[in-house]
Amino acid sequence: MNLTETGQSRVNGYLFVLERSLKTFLPGDVVRDAVREIESHLRERIAAADGAPNERVALEQILAELGPPLRVAQAYSAERAIDEAVITGRLVPVLSALWRVTAKTMIGFWVALAVSIGYTMGGAFLFLAAMKPLFPDNVGFWADNESGIPRDLAMRFPTPTREHDVAGYWLIPVALVVGILVLRSTHRYARRFLTRWRERRALASPGQFVG
Amino acid sequence: MSHETWQEQLRRGALDLAILLTVSTGPRYGLAIIQHLEAFTDLVVTEGTIYPILGRLTREGLLEATWVEDEAPHPRKYYTLTRTGAKRLADMKTDWHAFVAKIDRLMHASEGRQR
């Protein structure tokens, strides 16, 4: 079927909306490849519809079978975000995928909360390790002068008078090791959760995105 | 859970296996995969949503994608099963047969009780 100008505009409009939707969350080269593939699908279907009496009806049916552009884009989004996080394990995709899961399920919300606390704690340990050489009298594992019981690991301004630092420069290696361990464990847990969530999603969430 | 929900879960669970089986006979482009699935199953409800799955299977290293420019008036993206994909497919087939056999056994046992 050779498309008229109106038919061609309809196809271009479909591809335009798809491209715009994909661009909001996919890199440019991936978007171009996806749109090219969908366009190839459409051209093939249109060519096969040769001899159809009514172009508009035939074209609308082809587009309906392909699915609305927003739904197709949504399917790309769903397949992509979690996969990238699970496969690459990079921090930004993991956080982005967690954000998506948070919005969808209650368990996702609690896991995201726990993971946020983990990342913050790990980051805080590393921050204190980095600050100790710069502010040796203000960063420490503070113990009460009277009882001698250590109470908190913190950065204090001005330097406390009723407390003393019990860790000294040992704080640096200890905080570094603890910080790295907390960050690694948190990240590993987040990735494992997303892997399981992806596996479960393959069998659940009926009619949401796929097919 | 409604009957439709249960059917949808079955369909989604089988889609990856169905796509890998389709490509296992030789390289195919997207529409050819969809048409093959439509000819043998009712797994494809919305054609456009098969492409993201093909993309994921490619990213996972189970399929390899190549654009072929000069075969048709428009370029086609062909998918081929990789060695990893072939191994995964073999595992999935084993799992599938085992699963069906267990459910069949359960059904026979249940039918035997009812008689």
# chains A, B, ... in the order shown; residues from 1 in each chain; ligands from 1

call {"tool": "residues_around", "arguments": {"residues": "range 132-137 of chain A", "least_positions_apart": "2", "cutoff": "12 Å", "atoms": "only C-alpha atoms", "output": "ChimeraX atom specification"}}
result
/A:125-130,139-142,153-161,163-176

call {"tool": "closest_atom_pairs", "arguments": {"of": "chain B", "to": "chain A", "cutoff": "7 Å", "atoms": "only C-alpha atoms", "output": "JSON lines"}}
result
{"residue": "B:Thr5", "atom": "CA", "partner": "A:Pro206", "partner_atom": "CA", "distance": 5.7}
{"residue": "B:Glu8", "atom": "CA", "partner": "A:Pro206", "partner_atom": "CA", "distance": 5.4}
{"residue": "B:Gln9", "atom": "CA", "partner": "A:Leu203", "partner_atom": "CA", "distance": 5.2}
{"residue": "B:Arg12", "atom": "CA", "partner": "A:Leu203", "partner_atom": "CA", "distance": 5.9}
{"residue": "B:Gly13", "atom": "CA", "partner": "A:Leu203", "partner_atom": "CA", "distance": 5.0}
{"residue": "B:Leu31", "atom": "CA", "partner": "A:His41", "partner_atom": "CA", "distance": 6.0}
{"residue": "B:Val44", "atom": "CA", "partner": "A:Gly211", "partner_atom": "CA", "distance": 5.2}
{"residue": "B:Val45", "atom": "CA", "partner": "A:Gly211", "partner_atom": "CA", "distance": 4.9}
{"residue": "B:Thr46", "atom": "CA", "partner": "A:Gly211", "partner_atom": "CA", "distance": 4.9}
{"residue": "B:Glu47", "atom": "CA", "partner": "A:Leu66", "partner_atom": "CA", "distance": 4.5}
{"residue": "B:Gly48", "atom": "CA", "partner": "A:Leu66", "partner_atom": "CA", "distance": 4.6}
{"residue": "B:Thr49", "atom": "CA", "partner": "A:Gly211", "partner_atom": "CA", "distance": 5.3}
{"residue": "B:Ile50", "atom": "CA", "partner": "A:Gly211", "partner_atom": "CA", "distance": 6.1}
{"residue": "B:Pro52", "atom": "CA", "partner": "A:Tyr76", "partner_atom": "CA", "distance": 4.8}
{"residue": "B:Ile53", "atom": "CA", "partner": "A:Glu79", "partner_atom": "CA", "distance": 6.8}
{"residue": "B:Arg56", "atom": "CA", "partner": "A:Glu79", "partner_atom": "CA", "distance": 6.4}
{"residue": "B:His74", "atom": "CA", "partner": "A:Ser40", "partner_atom": "CA", "distance": 6.2}
{"residue": "B:Pro75", "atom": "CA", "partner": "A:Ser40", "partner_atom": "CA", "distance": 6.4}
{"residue": "B:Arg76", "atom": "CA", "partner": "A:Ser40", "partner_atom": "CA", "distance": 6.3}
{"residue": "B:Lys77", "atom": "CA", "partner": "A:Glu37", "partner_atom": "CA", "distance": 6.7}

call {"tool": "atom_distance", "arguments": {"atom1": "CA of Trp67 in chain B", "atom2": "CA of Tyr79 in chain B"}}
result
8.9 Å

call {"tool": "closest_residue", "arguments": {"among": "B:Ala101, B:Leu63, B:Tyr78, B:Thr94", "to": "Leu20 in chain B", "atoms": "only C-alpha atoms"}}
result
B:Leu63

call {"tool": "atom_distance", "arguments": {"atom1": "CA of Ala112 in chain A", "atom2": "CA of Phe25 in chain A"}}
result
20.4 Å

call {"tool": "atom_distance", "arguments": {"atom1": "CA of Ser185 in chain A", "atom2": "CA of Ile117 in chain A"}}
result
12.0 Å

call {"tool": "residues_around", "arguments": {"residues": "Leu18 in chain A", "least_positions_apart": "2", "cutoff": "9 Å", "atoms": "only C-alpha atoms", "output": "list in words"}}
result
Gly13, Tyr14, Leu15, Phe16, Arg20, Ser21, Leu22, Lys23, Val35, Pro68, Pro69, Leu70, Val72 and Ala73 of chain A

call {"tool": "write_last_selection", "arguments": {"atoms": "N, CA and C atoms", "output": "PDB file, in the first residue's frame"}}
result
ATOM      1  N   GLY A  13       3.328  11.145  12.678  1.00  0.00           N
ATOM      2  CA  GLY A  13       2.809  11.600  13.976  1.00  0.00           C
ATOM      3  C   GLY A  13       3.000  10.528  15.038  1.00  0.00           C
ATOM      4  N   TYR A  14       2.706   9.286  14.688  1.00  0.00           N
ATOM      5  CA  TYR A  14       2.873   8.167  15.627  1.00  0.00           C
ATOM      6  C   TYR A  14       4.340   8.078  16.066  1.00  0.00           C
ATOM      7  N   LEU A  15       5.234   8.111  15.065  1.00  0.00           N
ATOM      8  CA  LEU A  15       6.666   7.970  15.373  1.00  0.00           C
ATOM      9  C   LEU A  15       7.180   9.166  16.178  1.00  0.00           C
ATOM     10  N   PHE A  16       6.623  10.340  15.897  1.00  0.00           N
ATOM     11  CA  PHE A  16       7.034  11.549  16.621  1.00  0.00           C
ATOM     12  C   PHE A  16       6.685  11.421  18.118  1.00  0.00           C
ATOM     13  N   ARG A  20       9.366  11.206  21.174  1.00  0.00           N
ATOM     14  CA  ARG A  20       9.307  12.186  22.270  1.00  0.00           C
ATOM     15  C   ARG A  20       9.203  11.470  23.622  1.00  0.00           C
ATOM     16  N   SER A  21       8.359  10.436  23.663  1.00  0.00           N
ATOM     17  CA  SER A  21       8.149   9.715  24.925  1.00  0.00           C
ATOM     18  C   SER A  21       9.415   8.966  25.331  1.00  0.00           C
ATOM     19  N   LEU A  22      10.075   8.342  24.353  1.00  0.00           N
ATOM     20  CA  LEU A  22      11.279   7.561  24.662  1.00  0.00           C
ATOM     21  C   LEU A  22      12.421   8.461  25.119  1.00  0.00           C
ATOM     22  N   LYS A  23      12.459   9.675  24.528  1.00  0.00           N
ATOM     23  CA  LYS A  23      13.565  10.596  24.828  1.00  0.00           C
ATOM     24  C   LYS A  23      13.593  11.018  26.296  1.00  0.00           C
ATOM     25  N   VAL A  35      13.103   3.695  17.473  1.00  0.00           N
ATOM     26  CA  VAL A  35      12.150   4.307  16.530  1.00  0.00           C
ATOM     27  C   VAL A  35      12.363   3.740  15.132  1.00  0.00           C
ATOM     28  N   PRO A  68      -0.742   1.874  21.171  1.00  0.00           N
ATOM     29  CA  PRO A  68      -0.546   3.325  21.257  1.00  0.00           C
ATOM     30  C   PRO A  68       0.921   3.646  21.562  1.00  0.00           C
ATOM     31  N   PRO A  69       1.451   4.741  20.977  1.00  0.00           N
ATOM     32  CA  PRO A  69       2.880   5.044  21.169  1.00  0.00           C
ATOM     33  C   PRO A  69       3.280   5.185  22.635  1.00  0.00           C
ATOM     34  N   LEU A  70       2.373   5.722  23.463  1.00  0.00           N
ATOM     35  CA  LEU A  70       2.710   5.883  24.874  1.00  0.00           C
ATOM     36  C   LEU A  70       2.836   4.524  25.568  1.00  0.00           C
ATOM     37  N   VAL A  72       3.735   1.711  24.074  1.00  0.00           N
ATOM     38  CA  VAL A  72       4.980   1.098  23.597  1.00  0.00           C
ATOM     39  C   VAL A  72       6.168   1.719  24.351  1.00  0.00           C
ATOM     40  N   ALA A  73       6.128   3.049  24.497  1.00  0.00           N
ATOM     41  CA  ALA A  73       7.208   3.734  25.225  1.00  0.00           C
ATOM     42  C   ALA A  73       7.269   3.264  26.671  1.00  0.00           C
TER      43      ALA A  73
END

call {"tool": "select_by_dssp", "arguments": {"residues": "chain B", "states": "alpha helix (DSSP H)", "output": "PyMOL selection string"}}
result
chain B and resi 3-24+30-40+50-59+83-114

call {"tool": "write_last_selection", "arguments": {"atoms": "C-alpha atoms", "output": "short mmCIF file (atom, residue, chain, number, x, y, z; two decimals), in the first residue's frame"}}
result
data_model
loop_
_atom_site.label_atom_id
_atom_site.label_comp_id
_atom_site.auth_asym_id
_atom_site.auth_seq_id
_atom_site.Cartn_x
_atom_site.Cartn_y
_atom_site.Cartn_z
CA HIS B 3 -9.14 -16.05 35.58
CA GLU B 4 -7.90 -13.34 33.19
CA THR B 5 -5.16 -12.35 35.62
CA TRP B 6 -4.01 -15.94 35.91
CA GLN B 7 -3.98 -16.33 32.11
CA GLU B 8 -2.00 -13.11 31.78
CA GLN B 9 0.58 -14.36 34.26
CA LEU B 10 0.96 -17.59 32.29
CA ARG B 11 1.34 -15.62 29.08
CA ARG B 12 3.96 -13.28 30.48
CA GLY B 13 5.90 -16.16 31.98
CA ALA B 14 6.00 -17.97 28.65
CA LEU B 15 6.86 -15.02 26.41
CA ASP B 16 10.66 -15.06 26.86
CA LEU B 17 10.74 -18.80 26.18
CA ALA B 18 8.51 -18.39 23.12
CA ILE B 19 10.71 -15.65 21.66
CA LEU B 20 13.92 -17.63 22.22
CA LEU B 21 12.30 -20.70 20.63
CA THR B 22 11.26 -18.62 17.62
CA VAL B 23 14.76 -17.28 17.07
CA SER B 24 16.40 -20.67 17.71
CA GLY B 30 11.00 -8.26 14.72
CA LEU B 31 7.86 -8.57 12.60
CA ALA B 32 8.81 -12.11 11.51
CA ILE B 33 9.14 -13.08 15.18
CA ILE B 34 5.74 -11.54 15.95
CA GLN B 35 4.12 -13.30 12.98
CA HIS B 36 5.64 -16.63 14.02
CA LEU B 37 4.34 -16.17 17.57
CA GLU B 38 0.91 -15.18 16.23
CA ALA B 39 0.82 -18.24 13.98
CA PHE B 40 1.50 -20.69 16.82
CA ILE B 50 7.48 -7.23 21.90
CA TYR B 51 10.31 -4.92 20.79
CA PRO B 52 11.32 -3.83 24.31
CA ILE B 53 11.49 -7.51 25.28
CA LEU B 54 13.74 -8.21 22.28
CA GLY B 55 15.87 -5.28 23.45
CA ARG B 56 16.13 -6.71 26.97
CA LEU B 57 17.03 -10.19 25.72
CA THR B 58 19.73 -8.55 23.57
CA ARG B 59 21.09 -6.57 26.54
CA ARG B 83 25.61 -19.23 22.63
CA THR B 84 24.49 -17.94 26.03
CA GLY B 85 20.96 -17.70 24.66
CA ALA B 86 21.07 -21.29 23.42
CA LYS B 87 22.20 -22.48 26.84
CA ARG B 88 19.49 -20.45 28.59
CA LEU B 89 16.91 -21.82 26.13
CA ALA B 90 17.99 -25.40 26.88
CA ASP B 91 17.61 -24.72 30.63
CA MET B 92 14.23 -23.08 30.13
CA LYS B 93 12.98 -26.02 28.05
CA THR B 94 14.06 -28.48 30.75
CA ASP B 95 12.35 -26.38 33.42
CA TRP B 96 9.22 -26.05 31.31
CA HIS B 97 8.93 -29.82 30.68
CA ALA B 98 9.52 -30.56 34.36
CA PHE B 99 6.92 -27.99 35.38
CA VAL B 100 4.29 -29.28 32.95
CA ALA B 101 4.96 -32.89 34.02
CA LYS B 102 4.45 -31.99 37.70
CA ILE B 103 1.21 -30.13 37.05
CA ASP B 104 -0.01 -33.00 34.83
CA ARG B 105 0.77 -35.47 37.61
CA LEU B 106 -1.13 -33.31 40.04
CA MET B 107 -4.10 -33.10 37.66
CA HIS B 108 -4.17 -36.87 37.15
CA ALA B 109 -4.02 -37.40 40.91
CA SER B 110 -6.85 -34.93 41.42
CA GLU B 111 -8.98 -36.52 38.66
CA GLY B 112 -8.35 -39.99 40.13
CA ARG B 113 -9.63 -38.82 43.53
CA GLN B 114 -12.75 -37.29 42.03
#

call {"tool": "decode", "arguments": {"residues": "range 15-34 of chain B", "atoms": "C-alpha atoms", "output": "short mmCIF file (atom, residue, chain, number, x, y, z; two decimals), in the first residue's frame"}}
result
data_model
loop_
_atom_site.label_atom_id
_atom_site.label_comp_id
_atom_site.auth_asym_id
_atom_site.auth_seq_id
_atom_site.Cartn_x
_atom_site.Cartn_y
_atom_site.Cartn_z
CA LEU B 15 6.86 -15.02 26.41
CA ASP B 16 10.66 -15.06 26.86
CA LEU B 17 10.74 -18.80 26.18
CA ALA B 18 8.51 -18.39 23.12
CA ILE B 19 10.71 -15.65 21.66
CA LEU B 20 13.92 -17.63 22.22
CA LEU B 21 12.30 -20.70 20.63
CA THR B 22 11.26 -18.62 17.62
CA VAL B 23 14.76 -17.28 17.07
CA SER B 24 16.40 -20.67 17.71
CA THR B 25 15.51 -21.84 14.18
CA GLY B 26 17.53 -19.04 12.58
CA PRO B 27 17.86 -15.25 12.41
CA ARG B 28 14.53 -13.40 12.30
CA TYR B 29 13.56 -9.73 12.33
CA GLY B 30 11.00 -8.26 14.72
CA LEU B 31 7.86 -8.57 12.60
CA ALA B 32 8.81 -12.11 11.51
CA ILE B 33 9.14 -13.08 15.18
CA ILE B 34 5.74 -11.54 15.95
#
